[in-house]
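See below for query-v9.txt, which holds compact mmCIF, C-alpha atoms.
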```txt
# COMPACT_ATOMS: atom_id res chain seq x y z
CA MET A 506 -66.46 -138.83 -25.46
CA GLY A 507 -65.72 -141.16 -22.58
CA GLY A 508 -69.31 -142.44 -22.72
CA VAL A 509 -69.06 -143.18 -26.47
CA ASP A 510 -65.81 -145.10 -25.93
CA GLN A 511 -67.44 -147.15 -23.20
CA GLN A 512 -70.39 -147.83 -25.51
CA THR A 513 -68.05 -148.96 -28.29
CA LYS A 514 -66.20 -151.19 -25.84
CA ASN A 515 -69.47 -152.70 -24.62
CA CYS A 516 -70.56 -153.27 -28.22
CA LEU A 517 -67.32 -155.09 -29.07
CA ILE A 518 -67.52 -157.21 -25.90
CA MET A 519 -71.11 -158.08 -26.86
CA LYS A 520 -69.91 -159.10 -30.34
CA SER A 521 -67.19 -161.40 -29.04
CA ASN A 522 -69.67 -162.87 -26.52
CA TRP A 523 -72.11 -163.37 -29.36
CA MET A 524 -69.52 -165.28 -31.37
CA LEU A 525 -68.52 -167.38 -28.36
CA LYS A 526 -72.18 -168.23 -27.67
CA ARG A 527 -72.77 -169.30 -31.29
CA LEU A 528 -69.53 -171.30 -31.29
CA LEU A 529 -70.52 -173.08 -28.09
CA ILE A 530 -73.97 -173.90 -29.50
CA PHE A 531 -72.34 -175.29 -32.65
CA VAL A 532 -69.83 -177.41 -30.71
CA GLY A 533 -72.55 -178.63 -28.31
CA VAL A 534 -74.95 -179.72 -31.04
CA TYR A 535 -72.18 -181.28 -33.15
CA PHE A 536 -70.85 -183.33 -30.21
CA LEU A 537 -74.38 -184.34 -29.24
CA VAL A 538 -74.98 -185.71 -32.75
CA LEU A 539 -71.58 -187.47 -32.68
CA ILE A 540 -72.44 -189.11 -29.35
CA LEU A 541 -75.91 -190.06 -30.60
CA ALA A 542 -74.38 -191.49 -33.76
CA ASN A 543 -71.96 -193.66 -31.82
CA PHE A 544 -74.27 -194.80 -29.01
CA THR A 545 -77.68 -195.02 -30.68
CA GLY A 546 -78.89 -196.39 -33.99
CA LEU A 547 -78.23 -193.15 -35.87
CA LYS A 548 -75.18 -194.45 -37.75
CA LYS A 549 -77.07 -197.59 -38.71
CA GLY A 550 -80.01 -195.45 -39.86
CA ILE A 551 -77.76 -193.35 -42.06
CA GLN A 552 -76.16 -196.48 -43.49
CA SER A 553 -79.55 -197.99 -44.38
CA HIS A 554 -80.65 -194.64 -45.87
CA VAL A 555 -77.58 -194.53 -48.16
CA LYS A 556 -78.30 -198.14 -49.16
CA SER A 557 -81.95 -197.45 -49.96
CA LEU A 558 -81.10 -194.20 -51.78
CA GLY A 559 -78.56 -196.08 -53.91
CA ASN A 560 -80.88 -199.01 -54.61
CA THR A 561 -83.82 -196.75 -55.47
CA ALA A 562 -81.89 -194.40 -57.69
CA PHE A 563 -79.35 -196.67 -59.36
CA ALA A 564 -80.67 -200.26 -59.42
CA ASP A 565 -80.95 -199.90 -63.20
CA TYR A 566 -78.01 -197.75 -64.17
CA LYS A 567 -78.00 -196.25 -67.65
CA ASN A 568 -78.05 -198.79 -70.53
CA GLY A 569 -77.80 -202.19 -68.89
CA GLY A 570 -75.97 -201.47 -65.64
CA LEU A 571 -77.13 -203.42 -62.59
CA VAL A 572 -76.15 -201.91 -59.25
CA SER A 573 -76.87 -203.09 -55.73
CA PHE A 574 -76.09 -201.43 -52.41
CA SER A 575 -75.88 -203.83 -49.46
CA ASP A 576 -74.27 -204.53 -46.07
CA ILE A 577 -70.72 -205.82 -46.02
CA THR A 578 -71.20 -209.39 -44.82
CA GLU A 579 -68.49 -211.53 -46.44
CA LYS A 580 -65.24 -211.94 -44.49
CA GLU A 581 -63.10 -211.08 -47.53
CA ASP A 582 -65.06 -207.89 -48.19
CA LYS A 583 -64.87 -206.88 -44.54
CA ALA A 584 -61.10 -207.25 -44.65
CA LEU A 585 -60.87 -205.38 -47.93
CA PHE A 586 -63.17 -202.48 -47.02
CA LYS A 587 -62.29 -202.03 -43.35
CA SER A 588 -63.46 -198.46 -42.88
CA ASP A 589 -66.58 -198.67 -45.07
CA ASP A 590 -70.07 -199.96 -44.38
CA VAL A 591 -71.98 -200.06 -47.69
CA LEU A 592 -70.95 -202.55 -50.37
CA VAL A 593 -71.67 -201.55 -53.96
CA THR A 594 -71.81 -204.40 -56.47
CA LEU A 595 -71.72 -203.69 -60.18
CA LYS A 596 -72.91 -206.02 -62.93
CA SER A 597 -74.47 -205.46 -66.32
CA LYS A 598 -77.06 -207.12 -68.57
CA GLN A 599 -74.49 -207.22 -71.38
CA GLN A 600 -71.99 -209.00 -69.12
CA ILE A 601 -74.60 -211.58 -68.02
CA GLU A 602 -75.68 -212.22 -71.64
CA ARG A 603 -72.08 -212.68 -72.72
CA ILE A 604 -71.38 -215.15 -69.92
CA LYS A 605 -74.63 -217.07 -70.68
CA LYS A 606 -73.70 -217.35 -74.38
CA LYS A 607 -70.20 -218.51 -73.51
CA ALA A 608 -71.58 -221.14 -71.10
CA LYS A 609 -73.99 -222.39 -73.80
CA LEU A 610 -71.18 -222.67 -76.34
CA GLU A 611 -69.05 -224.55 -73.82
CA LYS A 612 -72.12 -226.63 -72.84
CA LYS A 613 -71.81 -225.73 -69.18
CA LYS A 614 -74.84 -225.81 -66.86
CA SER A 615 -73.66 -222.94 -64.71
CA ALA A 616 -71.25 -220.06 -64.95
CA PHE A 617 -69.83 -217.49 -62.56
CA ILE A 618 -70.62 -213.81 -62.94
CA TYR A 619 -67.79 -211.78 -61.48
CA PRO A 620 -69.06 -208.40 -60.35
CA THR A 621 -66.93 -205.37 -59.55
CA LYS A 622 -67.17 -204.31 -55.92
CA PHE A 623 -66.33 -201.16 -54.10
CA ALA A 624 -67.47 -199.74 -50.79
CA VAL A 625 -68.81 -196.47 -49.44
CA ASN A 626 -68.51 -195.03 -45.96
CA SER A 627 -72.04 -193.78 -45.28
CA TRP A 628 -70.96 -191.71 -42.27
CA LEU A 629 -68.32 -189.84 -44.30
CA SER A 630 -70.64 -189.48 -47.30
CA LEU A 631 -73.74 -188.29 -45.48
CA GLY A 632 -73.74 -188.61 -41.68
CA MET A 633 -70.91 -186.25 -40.89
CA LEU A 634 -72.21 -183.60 -43.29
CA LEU A 635 -75.65 -183.92 -41.72
CA ALA A 636 -74.22 -183.50 -38.21
CA PHE A 637 -72.23 -180.45 -39.32
CA PHE A 638 -75.22 -178.92 -41.10
CA LEU A 639 -77.57 -179.49 -38.17
CA ALA A 640 -75.12 -177.88 -35.75
CA LEU A 641 -74.65 -174.97 -38.14
CA VAL A 642 -78.38 -174.39 -38.58
CA VAL A 643 -78.97 -174.40 -34.81
CA ALA A 644 -76.02 -172.05 -34.21
CA LEU A 645 -76.88 -169.54 -36.95
CA PRO A 646 -78.69 -166.40 -35.79
CA ALA A 647 -82.14 -166.85 -37.33
CA ASN A 648 -85.65 -167.45 -36.09
CA TRP A 649 -86.81 -171.05 -35.68
CA LYS A 650 -89.20 -170.87 -38.65
CA ASN A 651 -86.33 -169.84 -40.91
CA LYS A 652 -84.04 -172.44 -39.35
CA LEU A 653 -86.62 -175.16 -40.05
CA ALA A 654 -87.02 -174.04 -43.67
CA LEU A 655 -83.23 -173.88 -44.05
CA PHE A 656 -82.85 -177.34 -42.50
CA ILE A 657 -85.47 -178.96 -44.74
CA SER A 658 -84.08 -177.36 -47.92
CA GLY A 659 -80.56 -178.24 -46.78
CA ILE A 660 -81.53 -181.89 -46.27
CA LEU A 661 -82.89 -181.98 -49.84
CA PHE A 662 -79.71 -180.33 -51.10
CA LEU A 663 -77.61 -182.85 -49.17
CA GLU A 664 -79.62 -185.74 -50.67
CA LEU A 665 -78.98 -184.31 -54.14
CA PHE A 666 -75.29 -183.98 -53.31
CA VAL A 667 -75.06 -187.63 -52.15
CA TYR A 668 -77.01 -188.70 -55.25
CA PHE A 669 -74.55 -186.76 -57.44
CA LYS A 670 -71.57 -188.28 -55.60
CA LEU A 671 -72.90 -191.80 -56.17
CA TRP A 672 -73.73 -191.03 -59.80
CA ILE A 673 -70.20 -189.78 -60.47
CA THR A 674 -68.66 -192.76 -58.61
CA LEU A 675 -70.74 -195.26 -60.58
CA GLY A 676 -69.95 -193.51 -63.87
CA LEU A 677 -66.27 -193.71 -63.06
CA GLN A 678 -66.38 -197.36 -61.98
CA TYR A 679 -68.35 -198.45 -65.06
CA GLY A 680 -66.06 -196.38 -67.27
CA ARG A 681 -62.92 -197.94 -65.80
CA ASN A 682 -64.39 -201.42 -66.33
CA TYR A 683 -65.97 -200.72 -69.71
CA ASN A 684 -64.60 -203.87 -71.37
CA LYS A 685 -66.24 -205.98 -68.71
CA PHE A 686 -69.65 -204.28 -68.51
CA GLU A 687 -70.09 -202.26 -71.75
CA VAL A 688 -71.93 -199.60 -69.75
CA GLY A 689 -71.23 -195.88 -69.58
CA SER A 690 -68.36 -194.28 -71.41
CA ASN A 691 -64.78 -195.38 -71.91
CA SER A 692 -63.72 -192.10 -73.51
CA GLU A 693 -60.50 -190.91 -71.91
CA SER A 694 -61.66 -187.30 -71.68
CA VAL A 695 -64.96 -188.30 -70.00
CA LEU A 696 -63.10 -190.49 -67.52
CA PHE A 697 -60.63 -187.69 -66.84
CA VAL A 698 -63.46 -185.26 -66.03
CA LEU A 699 -65.29 -187.86 -63.90
CA ASN A 700 -62.09 -188.63 -62.00
CA HIS A 701 -61.40 -184.94 -61.44
CA VAL A 702 -64.90 -184.26 -60.12
CA TYR A 703 -64.77 -187.48 -58.04
CA ASN A 704 -61.55 -186.36 -56.33
CA ILE A 705 -63.12 -183.04 -55.38
CA ILE A 706 -66.59 -184.10 -54.22
CA ASN A 707 -65.49 -187.17 -52.29
CA PHE A 708 -63.23 -185.11 -50.09
CA PRO A 709 -65.16 -184.49 -46.82
CA TYR A 710 -63.88 -180.93 -46.48
CA PHE A 711 -65.58 -180.02 -49.78
CA GLY A 712 -68.92 -181.25 -48.41
CA PHE A 713 -68.53 -179.14 -45.27
CA LEU A 714 -67.73 -176.08 -47.32
CA LEU A 715 -70.69 -176.72 -49.62
CA MET A 716 -73.10 -176.95 -46.68
CA LEU A 717 -71.56 -173.86 -45.09
CA ILE A 718 -72.01 -171.82 -48.28
CA PHE A 719 -75.57 -173.14 -48.69
CA SER A 720 -76.43 -172.15 -45.11
CA LEU A 721 -74.92 -168.68 -45.37
CA LEU A 722 -76.60 -168.00 -48.71
CA PHE A 723 -80.09 -169.07 -47.72
CA VAL A 724 -80.32 -168.14 -44.07
CA ASP A 725 -82.55 -165.13 -43.39
CA LYS A 726 -80.04 -162.30 -43.02
CA THR A 727 -82.45 -159.94 -41.27
CA ALA A 728 -81.84 -161.95 -38.13
CA PHE A 729 -78.15 -161.08 -38.31
CA SER A 730 -79.04 -157.76 -36.64
CA LYS A 731 -76.90 -158.44 -33.57
CA VAL A 732 -73.78 -158.54 -35.68
CA LYS A 733 -75.01 -156.07 -38.27
CA GLU A 734 -72.47 -153.44 -37.28
CA SER A 735 -69.55 -155.80 -37.67
CA LEU A 736 -70.74 -157.00 -41.05
CA ILE A 737 -71.50 -153.58 -42.58
CA ILE A 738 -69.76 -153.36 -45.91
CA LYS A 739 -69.04 -149.91 -47.20
CA LYS A 740 -68.40 -149.84 -50.91
CA MET B 316 -119.43 -158.62 -91.23
CA LYS B 317 -116.62 -156.20 -91.88
CA ASN B 318 -117.04 -154.79 -88.41
CA LYS B 319 -116.99 -158.28 -86.88
CA LYS B 320 -113.78 -159.16 -88.80
CA LYS B 321 -112.23 -155.97 -87.58
CA GLN B 322 -113.23 -156.82 -84.02
CA LEU B 323 -111.73 -160.35 -84.30
CA SER B 324 -108.54 -159.05 -85.80
CA LYS B 325 -108.32 -156.62 -82.95
CA LYS B 326 -108.88 -159.33 -80.30
CA LYS B 327 -105.94 -161.59 -81.32
CA PRO B 328 -103.14 -159.20 -80.55
CA ALA B 329 -104.88 -158.37 -77.28
CA VAL B 330 -104.49 -162.02 -76.14
CA LYS B 331 -100.87 -162.03 -77.27
CA THR B 332 -100.19 -158.88 -75.33
CA ILE B 333 -101.62 -160.46 -72.17
CA GLU B 334 -99.49 -163.61 -72.69
CA SER B 335 -96.35 -161.67 -73.41
CA SER B 336 -96.93 -159.33 -70.51
CA SER B 337 -97.47 -162.28 -68.13
CA LYS B 338 -94.26 -163.87 -69.47
CA GLN B 339 -92.49 -160.58 -69.07
CA SER B 340 -93.77 -160.16 -65.54
CA PHE B 341 -92.72 -163.74 -64.68
CA PHE B 342 -89.19 -163.23 -66.00
CA SER B 343 -88.95 -159.74 -64.60
CA SER B 344 -90.08 -161.01 -61.17
CA ILE B 345 -87.37 -163.74 -61.30
CA LYS B 346 -84.85 -161.14 -62.46
CA ALA B 347 -85.94 -158.84 -59.64
CA LYS B 348 -85.60 -161.68 -57.11
CA ILE B 349 -82.09 -162.52 -58.36
CA THR B 350 -81.11 -158.84 -58.34
CA HIS B 351 -82.52 -158.51 -54.81
CA PHE B 352 -80.63 -161.66 -53.73
CA PHE B 353 -77.31 -160.34 -54.97
CA SER B 354 -78.03 -156.80 -53.79
CA HIS B 355 -77.46 -158.09 -50.25
CA PRO B 356 -73.77 -157.40 -49.65
CA LEU B 357 -73.20 -160.66 -47.79
CA ASN B 358 -74.75 -162.73 -50.62
CA ALA B 359 -72.60 -160.98 -53.23
CA ILE B 360 -69.49 -161.66 -51.14
CA ILE B 361 -70.42 -165.32 -50.56
CA PHE B 362 -71.09 -165.77 -54.28
CA LYS B 363 -67.69 -164.33 -55.24
CA PHE B 364 -66.06 -166.43 -52.52
CA SER B 365 -67.80 -169.58 -53.81
CA ALA B 366 -66.63 -168.89 -57.37
CA LEU B 367 -63.04 -168.52 -56.18
CA MET B 368 -63.28 -171.69 -54.08
CA ALA B 369 -64.64 -173.57 -57.11
CA VAL B 370 -61.64 -172.43 -59.17
CA PHE B 371 -59.35 -173.41 -56.28
CA TYR B 372 -60.81 -176.92 -56.13
CA MET B 373 -60.48 -177.34 -59.91
CA ILE B 374 -56.76 -176.56 -59.56
CA TRP B 375 -56.37 -178.40 -56.23
CA ALA B 376 -57.52 -181.71 -57.73
CA THR B 377 -54.99 -181.66 -60.56
CA GLN B 378 -52.04 -184.03 -60.41
CA PHE B 379 -49.70 -181.09 -60.92
CA PHE B 380 -50.97 -179.29 -57.80
CA GLN B 381 -50.96 -182.48 -55.72
CA GLU B 382 -47.38 -183.31 -56.74
CA ASN B 383 -45.90 -179.82 -56.69
CA VAL B 384 -47.75 -178.12 -53.85
CA ILE B 385 -49.46 -180.63 -51.56
CA GLN B 386 -46.65 -183.20 -51.40
CA PRO B 387 -43.87 -180.68 -50.59
CA VAL B 388 -46.12 -179.04 -47.97
CA THR B 389 -46.97 -182.37 -46.28
CA SER B 390 -43.29 -183.39 -46.32
CA LEU B 391 -42.38 -180.04 -44.75
CA TYR B 392 -45.00 -180.54 -42.02
CA ALA B 393 -43.65 -184.05 -41.37
CA LYS B 394 -40.08 -182.75 -41.09
CA ALA B 395 -41.05 -179.82 -38.86
CA THR B 396 -43.30 -181.78 -36.49
CA GLY B 397 -40.78 -184.65 -36.39
CA PHE B 398 -38.07 -182.14 -35.49
CA VAL B 399 -40.23 -180.65 -32.70
CA LEU B 400 -40.98 -184.14 -31.32
CA GLN B 401 -37.28 -185.08 -31.48
CA LEU B 402 -36.43 -181.85 -29.62
CA ALA B 403 -38.92 -182.89 -26.95
CA GLN B 404 -37.00 -186.20 -26.60
CA PHE B 405 -39.56 -188.36 -28.45
CA PRO B 406 -37.65 -190.91 -30.54
CA VAL B 407 -39.52 -190.47 -33.82
CA MET B 408 -38.26 -191.11 -37.33
CA ILE B 409 -39.10 -188.94 -40.33
CA MET B 410 -39.57 -190.41 -43.78
CA ASN B 411 -40.99 -188.25 -46.60
CA ASP B 412 -44.48 -187.36 -45.34
CA SER B 413 -44.48 -189.82 -42.41
CA ILE B 414 -43.40 -189.56 -38.79
CA GLY B 415 -43.40 -192.27 -36.14
CA ASP B 416 -41.53 -195.08 -34.46
CA MET B 417 -41.51 -198.88 -34.71
CA ASN B 418 -44.96 -199.15 -33.11
CA PHE B 419 -46.94 -196.31 -34.63
CA ALA B 420 -46.54 -193.90 -37.54
CA ILE B 421 -48.72 -191.29 -39.16
CA SER B 422 -48.59 -190.24 -42.76
CA ILE B 423 -49.50 -186.64 -43.55
CA LYS B 424 -51.61 -186.74 -46.69
CA THR B 425 -53.91 -184.44 -48.67
CA GLY B 426 -56.35 -182.86 -46.27
CA CYS B 427 -53.93 -182.81 -43.34
CA ASP B 428 -52.00 -179.93 -44.86
CA GLY B 429 -54.35 -177.11 -43.84
CA ILE B 430 -54.29 -175.75 -47.39
CA GLU B 431 -58.07 -175.71 -47.76
CA GLY B 432 -58.45 -173.76 -44.53
CA MET B 433 -55.90 -171.32 -45.88
CA ALA B 434 -57.81 -171.10 -49.16
CA ILE B 435 -61.03 -170.26 -47.27
CA LEU B 436 -59.19 -167.54 -45.36
CA LEU B 437 -57.43 -166.19 -48.46
CA PHE B 438 -60.53 -165.92 -50.65
CA ALA B 439 -62.79 -164.58 -47.88
CA ILE B 440 -60.24 -161.86 -47.12
CA LEU B 441 -59.75 -161.10 -50.83
CA VAL B 442 -63.48 -160.65 -51.57
CA TYR B 443 -64.15 -158.50 -48.51
CA PRO B 444 -64.01 -154.82 -49.47
CA THR B 445 -61.22 -153.25 -47.46
CA THR B 446 -57.71 -151.88 -47.91
CA TRP B 447 -54.79 -154.07 -49.06
CA SER B 448 -52.95 -153.26 -45.86
CA ASN B 449 -55.83 -154.75 -43.80
CA ARG B 450 -55.93 -157.77 -46.10
CA ILE B 451 -52.19 -158.42 -45.76
CA LYS B 452 -52.38 -158.12 -41.96
CA GLY B 453 -55.36 -160.49 -41.86
CA LEU B 454 -53.66 -163.01 -44.13
CA ALA B 455 -50.35 -162.91 -42.26
CA ILE B 456 -51.93 -163.46 -38.84
CA GLY B 457 -54.52 -165.91 -40.19
CA PHE B 458 -52.00 -168.06 -42.05
CA ALA B 459 -49.69 -168.12 -39.02
CA CYS B 460 -52.60 -169.25 -36.80
CA LEU B 461 -53.58 -172.00 -39.26
CA VAL B 462 -50.01 -173.29 -39.68
CA PHE B 463 -49.63 -173.38 -35.88
CA LEU B 464 -52.99 -175.13 -35.54
CA ASN B 465 -51.94 -177.71 -38.11
CA PHE B 466 -48.81 -178.48 -36.09
CA ILE B 467 -51.05 -179.00 -33.05
CA ARG B 468 -53.28 -181.26 -35.15
CA ILE B 469 -50.42 -183.47 -36.35
CA ILE B 470 -48.76 -183.69 -32.93
CA SER B 471 -52.07 -184.39 -31.15
CA LEU B 472 -53.00 -187.07 -33.69
CA TYR B 473 -49.59 -188.68 -33.23
CA PHE B 474 -50.04 -188.85 -29.44
CA ILE B 475 -53.65 -190.04 -29.76
CA GLY B 476 -52.49 -192.74 -32.17
CA VAL B 477 -49.80 -193.86 -29.72
CA HIS B 478 -51.80 -193.71 -26.49
CA ILE B 479 -55.53 -193.94 -27.41
CA PRO B 480 -55.64 -195.55 -30.88
CA SER B 481 -59.39 -196.17 -30.61
CA LEU B 482 -59.95 -192.39 -30.68
CA PHE B 483 -57.70 -191.76 -33.67
CA ASP B 484 -60.34 -192.00 -36.42
CA ILE B 485 -62.88 -189.91 -34.53
CA MET B 486 -60.32 -187.19 -33.84
CA HIS B 487 -58.86 -187.31 -37.33
CA VAL B 488 -62.11 -187.30 -39.30
CA ASN B 489 -64.87 -185.96 -37.07
CA ILE B 490 -63.10 -183.41 -34.93
CA TRP B 491 -60.03 -181.93 -36.63
CA GLN B 492 -61.71 -181.43 -40.00
CA ILE B 493 -64.51 -179.47 -38.34
CA ILE B 494 -61.98 -177.43 -36.36
CA PHE B 495 -60.26 -176.58 -39.64
CA ILE B 496 -63.45 -175.21 -41.13
CA ILE B 497 -64.58 -173.36 -38.00
CA VAL B 498 -61.25 -171.75 -37.09
CA PRO B 499 -60.83 -169.93 -40.45
CA LEU B 500 -64.41 -168.63 -39.99
CA VAL B 501 -63.60 -167.37 -36.49
CA ILE B 502 -60.42 -165.70 -37.81
CA ILE B 503 -62.42 -164.05 -40.63
CA TYR B 504 -65.06 -162.86 -38.16
CA GLN B 505 -62.44 -161.44 -35.79
CA TRP B 506 -60.72 -159.76 -38.73
CA VAL B 507 -63.99 -158.09 -39.81
CA VAL B 508 -64.63 -156.95 -36.21
CA TRP B 509 -61.05 -155.59 -36.10
CA ILE B 510 -61.61 -153.64 -39.35
CA ASN B 511 -64.81 -152.11 -37.95
CA LYS B 512 -63.05 -151.32 -34.68
CA GLN B 513 -60.45 -149.41 -36.70
CA LYS B 514 -63.22 -147.50 -38.50
CA ILE B 515 -64.78 -146.51 -35.18
CA ALA B 516 -61.41 -145.41 -33.80
```

Any chance you could give the structure as structure tokens?
Amino acid sequence: MGGVDQQTKNCLIMKSNWMLKRLLIFVGVYFLVLILANFTGLKKGIQSHVKSLGNTAFADYKNGGLVSFSDITEKEDKALFKSDDVLVTLKSKQQIERIKKKAKLEKKKSAFIYPTKFAVNSWLSLGMLLAFFLALVVALPANWKNKLALFISGILFLELFVYFKLWITLGLQYGRNYNKFEVGSNSESVLFVLNHVYNIINFPYFGFLLMLIFSLLFVDKTAFSKVKESLIIKK
Amino acid sequence: MKNKKKQLSKKKPAVKTIESSSKQSFFSSIKAKITHFFSHPLNAIIFKFSALMAVFYMIWATQFFQENVIQPVTSLYAKATGFVLQLAQFPVMIMNDSIGDMNFAISIKTGCDGIEGMAILLFAILVYPTTWSNRIKGLAIGFACLVFLNFIRIISLYFIGVHIPSLFDIMHVNIWQIIFIIVPLVIIYQWVVWINKQKIA
């Protein structure tokens, strides 16, 4: 009996060591990515990726929307969007036509088009989630082939998530400024739903949780053998 | 001719049968894959957990929840941490959900309340098949740990804001949020190990 007790003790010590090891790997990788992001061009790369994703996917938004994602260069914008790094400018074909017609009627040679601007923090939207996901994939107990497959599918999932976030944000912004742009929907119920979803998905914690659930669902569980005993579920 | 017609009429249904059987096999293989996916106990648990978290977020984002749950909780945290800092001879003022002095103040807003970490813990413990007594013990200890950790978070962020303001954003966004998703996972893991330890004993 004494031998069995010792075995059980050893097993439990092994389990806690296992957890500590995985935790240390996670923390190590996460900090490494944070350091790389702050001292190399990683943050800049993520910013330019969010810009290109936005410009590729949403340059022509729905029926007449014109969207551009760019750097924040103007002094006023920098002061207004202190913590963000991607400027999103909204216009619409309908708005431009209306202003052109008005200028013609008033016999003016030029007219101002006032866009609506808002900004996105690319690190909060994508970079931080990527760092978290990478650290998680490396720390999870799976073979490297499975980790690679999980990482690639996770990156695609993350891209879709960022795309969805931008889509919801643009829908909400166009909806709120419907009288100006005549794009999207100005229905109160649609705006309510968009606002509700926006509040949830733009919260960083939600993104972390989403990536965590994705990783746990799609990681190869056969490699969980070391902790199998602690995860046995008896119905 | 009659024989040929008979043969043709016989052939048509044969093609249909092949098509329908291939469709059937395609759908049945997908069905089998889905069944296999959910037959894994961990996947079934994660799926249930995800569904509960989705419901939680739907409620969490409502104005009612923000006004009647989040705001009172953040104000309570501000009062409690302010009180602790005052006890430790730090001259801080407390105002609604903010604590600080003339030079620096922090406002405890949505996300700094630890409620999501608690929701992760609550739903993971609820979906795990065990006794209610084990669940209550896990929740009591887990919630206490998370509340304590949140106090540490607020106090540490206050001191970082006062002494190393350049580190405030990194600590607030990049570090403490991750800690608040990892710590509930560690608590859940330790709770599962504890349940299995009990089974062995």

*Considering all atoms listed in the file, state which residue in the set B:Ile467, B:Phe458, B:Leu500, B:Ile385 is at the smallest distance from B:Met433.*
B:Phe458

*For atom CA of B:Leu400 and atom CA of B:Leu454, determine how far apart the two atoms are, in Å to one decimal place.*
27.8 Å

*Excluding stretch 714-727 of chain A and residues on its chain fewer than 2 positions from it, collect all residues at most 8 Å away from it, counting all atoms listed in the file, and give them as a list of chain:residue names.*
A:Leu634, A:Phe638, A:Leu641, A:Val642, A:Ala647, A:Asn651, A:Lys652, A:Leu655, A:Gly659, A:Leu663, A:Tyr710, A:Phe711, A:Gly712, A:Phe729, A:Ser730, B:Asn358, B:Ile361, B:Ser365, B:Ile496

Could you save the residues just selected, with C-alpha atoms, as a short mmCIF file (atom, residue, chain, number, x, y, z; two decimals), in the frame of the given file?
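Produced file selection19.cif, reproduced below:
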```cif
data_model
loop_
_atom_site.label_atom_id
_atom_site.label_comp_id
_atom_site.auth_asym_id
_atom_site.auth_seq_id
_atom_site.Cartn_x
_atom_site.Cartn_y
_atom_site.Cartn_z
CA LEU A 634 -72.21 -183.60 -43.29
CA PHE A 638 -75.22 -178.92 -41.10
CA LEU A 641 -74.65 -174.97 -38.14
CA VAL A 642 -78.38 -174.39 -38.58
CA ALA A 647 -82.14 -166.85 -37.33
CA ASN A 651 -86.33 -169.84 -40.91
CA LYS A 652 -84.04 -172.44 -39.35
CA LEU A 655 -83.23 -173.88 -44.05
CA GLY A 659 -80.56 -178.24 -46.78
CA LEU A 663 -77.61 -182.85 -49.17
CA TYR A 710 -63.88 -180.93 -46.48
CA PHE A 711 -65.58 -180.02 -49.78
CA GLY A 712 -68.92 -181.25 -48.41
CA PHE A 729 -78.15 -161.08 -38.31
CA SER A 730 -79.04 -157.76 -36.64
CA ASN B 358 -74.75 -162.73 -50.62
CA ILE B 361 -70.42 -165.32 -50.56
CA SER B 365 -67.80 -169.58 -53.81
CA ILE B 496 -63.45 -175.21 -41.13
#
```

*For stretch 620-622 of chain A, list every protein, DNA or RNA residue within 8 Å, evaluated using all atoms listed in the file, and leave out those in the same chain fewer than 2 positions away; present the list as a PyMOL selection string.*
chain A and resi 592-596+618+624

Write a file of the selected residues as an mmCIF file, in the coordinates of the input, keeping C-alpha atoms.
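Wrote part_25.cif, looks like this:
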```cif
data_model
loop_
_atom_site.group_PDB
_atom_site.id
_atom_site.type_symbol
_atom_site.label_atom_id
_atom_site.label_comp_id
_atom_site.auth_asym_id
_atom_site.auth_seq_id
_atom_site.Cartn_x
_atom_site.Cartn_y
_atom_site.Cartn_z
ATOM 1 C CA LEU A 592 -70.950 -202.550 -50.370
ATOM 2 C CA VAL A 593 -71.670 -201.550 -53.960
ATOM 3 C CA THR A 594 -71.810 -204.400 -56.470
ATOM 4 C CA LEU A 595 -71.720 -203.690 -60.180
ATOM 5 C CA LYS A 596 -72.910 -206.020 -62.930
ATOM 6 C CA ILE A 618 -70.620 -213.810 -62.940
ATOM 7 C CA ALA A 624 -67.470 -199.740 -50.790
#
```

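Note that atom CA of A:Trp628 and atom CA of A:Leu547 are 9.8 Å apart.
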
*asked:* Using Å and a single decimal, report how far atom CA of A:Leu585 sits from atom CA of A:Tyr566.
replied: 24.8 Å

*Of the candidates A:Lys549, A:Ala542, A:Lys685, A:Lys650, which one gets nearest to A:Ile601 if we count all atoms listed in the file?*
A:Lys685
